[in-house]
Amino acid sequence: SPITVHGLGQLGSAEAQAEYLCHFRADSIVRDLERIRAVQSPDRPFAILGQSYGGFCLLTYLSLFPEGVAQGLFTGGLPPMTRSVEDVYRGTYRVVLEKNRQYFRRYPMDVQRVNAIHRLLQQQEVPLPRGGRLSSRRFQSLGLALGSKTGFESLHYLLEKAFTEGPDHLSLEFLVGVENMADFDTNPIYAILHESIYMESTRKSDKASNWAAERVLHEAEFSAYFDVSRALNGEADTEPVFFTGEMVYPFMFDAADGFPYLKPLREAAHLLAKKNDWGVLYDPEVLAGRAASVPTAAAVYYDDMYVVRDFSLEVADLTDTKVLITNEY
């Protein structure tokens, strides 16, 4: 059954919601698939293509049940298994910074548009059509699109519509577009389990994610680029306030600044952020041993904003995966 806010609400407590959600990570997905294979194809292992998070699942499959895989193909999805969750976000923030620079070089007129939107959001309440209000942080989260093939254009065309009804008013078309570009509220599993995909109790890092993306955002290397106060003093007329990327933050579960439909999951989200007993997703010994005979190949995207290229190449070296580095597809 799909994960919905309403469905999770039927479970009752936040503790019950968090416990249930723990069964939807890659290890559970792979165990379910292996049960199916054992019944449907017991003598024939699967050839598996893993796109994006599907690649994370494929590497988990190779770690837990290498005998169930005949060959593995990764497209943009070799997971950063050698890195802590903090390192993952430091790497992705660096790519996000470069994507922002590229975007504002392509559309320099959007520097002032973005600046003006932030100023307006700080000065007045801007209600969204489906409820809640548009905050600066929610506006910044539109940067998720910058990693897609047409994301620059989609964001630019949306910003063009912001002030079509006047300089002190955000248009309805713009506000509807903002809601449609970020659908965390209609896909809650994406938001609430996002950081957990990097978590293992055996990793050399904090055993709980503790909202890693939020913590890394405030590190000295990154914080100034996303500081909305720059827009208020006019500095961003030439130096824009940057958009964030594929990160999930605590504010998203706050009805005031985030996604109102996620508010009922706020307590469960905090429980998952504090969870420190995640299971194992990847087994280096198995990958170097029993899984080593399984042929694997990967398309690694050179400018990938979602899965950092260099981290993927580290894993390719460890698993003897053949690599094609490309920006196609």
# chains A, B, ... in the order shown; residues from 1 in each chain; ligands from 1
$ closest_atom_pairs --of "segment 135-188 of chain A" --to "segment 104-111 of chain A" --cutoff "9 Å" --atoms "only C-alpha atoms" --output "JSON lines"
{"residue": "A:Phe152", "atom": "CA", "partner": "A:Arg106", "partner_atom": "CA", "distance": 8.6}
{"residue": "A:His156", "atom": "CA", "partner": "A:Asp110", "partner_atom": "CA", "distance": 7.3}
{"residue": "A:Leu159", "atom": "CA", "partner": "A:Asp110", "partner_atom": "CA", "distance": 7.3}
{"residue": "A:Glu160", "atom": "CA", "partner": "A:Asp110", "partner_atom": "CA", "distance": 8.2}
$ write_last_selection --atoms "N, CA and C atoms" --output "compact mmCIF listing (two decimals), in the first residue's frame"
# COMPACT_ATOMS: atom_id res chain seq x y z
N PHE A 152 16.43 24.09 -14.93
CA PHE A 152 16.74 25.52 -15.02
C PHE A 152 15.59 26.28 -15.69
N HIS A 156 13.04 29.07 -14.07
CA HIS A 156 13.05 30.42 -14.65
C HIS A 156 11.65 30.83 -15.12
N LEU A 159 9.58 31.78 -12.17
CA LEU A 159 9.93 33.07 -11.59
C LEU A 159 9.43 34.23 -12.45
N GLU A 160 9.37 34.01 -13.76
CA GLU A 160 8.84 35.06 -14.64
C GLU A 160 7.39 35.41 -14.30
$ residues_around --residues "Leu121 of chain A" --least-positions-apart "3" --cutoff "10 Å" --atoms "only C-alpha atoms" --output "list in words"
Ala116, Ile117, His118, Gln124, Glu125, Val126, Arg133, Leu134, Ser135, Ser136, Arg137, Phe139, His169 and Leu170 of chain A
$ write_last_selection --atoms "C-alpha atoms" --output "JSON list (two decimals), in the first residue's frame"
[["chain", "number", "residue", "atom", "x", "y", "z"],
["A", 116, "ALA", "CA", 12.43, 40.68, -4.41],
["A", 117, "ILE", "CA", 10.47, 37.52, -3.61],
["A", 118, "HIS", "CA", 12.47, 36.97, -0.42],
["A", 124, "GLN", "CA", 4.02, 40.01, 4.50],
["A", 125, "GLU", "CA", 2.13, 36.75, 4.90],
["A", 126, "VAL", "CA", 1.67, 35.02, 1.54],
["A", 133, "ARG", "CA", 2.04, 30.11, 3.68],
["A", 134, "LEU", "CA", 5.00, 30.52, 1.39],
["A", 135, "SER", "CA", 8.10, 31.01, 3.51],
["A", 136, "SER", "CA", 11.57, 31.90, 2.28],
["A", 137, "ARG", "CA", 12.81, 28.44, 3.16],
["A", 139, "PHE", "CA", 10.74, 29.00, -1.69],
["A", 169, "HIS", "CA", 1.85, 40.77, -4.91],
["A", 170, "LEU", "CA", 2.77, 37.22, -5.92]]
$ residues_around --residues "Thr186 of chain A" --least-positions-apart "3" --cutoff "10 Å" --atoms "only C-alpha atoms" --output "MDAnalysis selection string"
chainID A and resid 3:5 182:183 189:191 259 261:262
$ write_last_selection --atoms "N, CA and C atoms" --output "CSV table (one decimal), in the first residue's frame"
chain,number,residue,atom,x,y,z
A,3,ILE,N,2.3,4.9,1.0
A,3,ILE,CA,2.4,5.6,2.2
A,3,ILE,C,1.7,7.0,2.0
A,4,THR,N,0.6,7.2,2.8
A,4,THR,CA,-0.1,8.5,2.8
A,4,THR,C,-0.1,9.0,4.2
A,5,VAL,N,-0.3,10.3,4.4
A,5,VAL,CA,-0.5,10.9,5.7
A,5,VAL,C,-1.7,10.4,6.4
A,182,ALA,N,7.1,21.3,-5.9
A,182,ALA,CA,7.6,20.6,-4.7
A,182,ALA,C,6.4,19.8,-4.1
A,183,ASP,N,6.4,18.5,-4.3
A,183,ASP,CA,5.3,17.7,-3.9
A,183,ASP,C,5.6,16.8,-2.7
A,189,ILE,N,6.6,9.8,2.0
A,189,ILE,CA,7.7,8.8,2.2
A,189,ILE,C,9.0,9.4,1.8
A,190,TYR,N,9.0,10.2,0.7
A,190,TYR,CA,10.2,10.8,0.2
A,190,TYR,C,10.8,11.8,1.2
A,191,ALA,N,9.9,12.5,1.9
A,191,ALA,CA,10.4,13.5,2.9
A,191,ALA,C,10.8,12.8,4.2
A,259,PHE,N,5.2,22.4,4.9
A,259,PHE,CA,4.1,21.7,4.1
A,259,PHE,C,3.0,21.3,5.1
A,261,TYR,N,0.4,19.6,5.1
A,261,TYR,CA,-0.1,18.2,5.1
A,261,TYR,C,0.9,17.3,5.8
A,262,LEU,N,2.1,17.7,5.9
A,262,LEU,CA,3.1,16.9,6.6
A,262,LEU,C,3.1,17.1,8.1
$ atom_distance --atom1 "atom CA of Asp303 of chain A" --atom2 "atom CA of Ile325 of chain A"
9.7 Å
$ closest_residue --among "A:Ser84, A:Ser229, A:Gln71, A:Gln140" --to "Arg119 of chain A" --atoms "only C-alpha atoms"
A:Ser229
$ closest_atom_pairs --of "segment 194-291 of chain A" --to "segment 144-147 of chain A" --cutoff "12 Å" --atoms "only C-alpha atoms" --output "JSON lines"
{"residue": "A:Phe242", "atom": "CA", "partner": "A:Leu146", "partner_atom": "CA", "distance": 11.2}
{"residue": "A:Phe243", "atom": "CA", "partner": "A:Leu144", "partner_atom": "CA", "distance": 8.1}
{"residue": "A:Thr244", "atom": "CA", "partner": "A:Leu144", "partner_atom": "CA", "distance": 6.7}
{"residue": "A:Gly245", "atom": "CA", "partner": "A:Leu144", "partner_atom": "CA", "distance": 4.3}
{"residue": "A:Glu246", "atom": "CA", "partner": "A:Leu144", "partner_atom": "CA", "distance": 5.1}
{"residue": "A:Met247", "atom": "CA", "partner": "A:Leu144", "partner_atom": "CA", "distance": 8.0}
{"residue": "A:Val248", "atom": "CA", "partner": "A:Leu144", "partner_atom": "CA", "distance": 10.3}
$ write_last_selection --atoms "N, CA and C atoms" --output "mmCIF file, in the first residue's frame"
data_model
loop_
_atom_site.group_PDB
_atom_site.id
_atom_site.type_symbol
_atom_site.label_atom_id
_atom_site.label_comp_id
_atom_site.auth_asym_id
_atom_site.auth_seq_id
_atom_site.Cartn_x
_atom_site.Cartn_y
_atom_site.Cartn_z
ATOM 1 N N PHE A 242 20.942 31.754 -2.591
ATOM 2 C CA PHE A 242 20.880 30.517 -3.356
ATOM 3 C C PHE A 242 19.688 29.655 -2.954
ATOM 4 N N PHE A 243 19.289 28.803 -3.895
ATOM 5 C CA PHE A 243 18.305 27.759 -3.639
ATOM 6 C C PHE A 243 18.997 26.553 -3.005
ATOM 7 N N THR A 244 18.269 25.791 -2.233
ATOM 8 C CA THR A 244 18.783 24.525 -1.713
ATOM 9 C C THR A 244 18.512 23.425 -2.733
ATOM 10 N N GLY A 245 18.832 22.185 -2.391
ATOM 11 C CA GLY A 245 18.698 21.100 -3.352
ATOM 12 C C GLY A 245 17.831 19.977 -2.838
ATOM 13 N N GLU A 246 18.320 18.741 -3.002
ATOM 14 C CA GLU A 246 17.544 17.581 -2.568
ATOM 15 C C GLU A 246 17.843 17.303 -1.098
ATOM 16 N N MET A 247 17.386 18.199 -0.254
ATOM 17 C CA MET A 247 17.554 18.058 1.179
ATOM 18 C C MET A 247 16.191 18.174 1.860
ATOM 19 N N VAL A 248 16.057 17.499 2.969
ATOM 20 C CA VAL A 248 14.841 17.583 3.771
ATOM 21 C C VAL A 248 15.210 18.192 5.117
#
$ atom_distance --atom1 "atom CA of Ser223 of chain A" --atom2 "atom CA of Ser209 of chain A"
19.2 Å
$ closest_residue --among "A:Asp227, A:Glu239, A:Glu15, A:Glu34" --to "Thr60 of chain A" --atoms "only C-alpha atoms"
A:Glu34
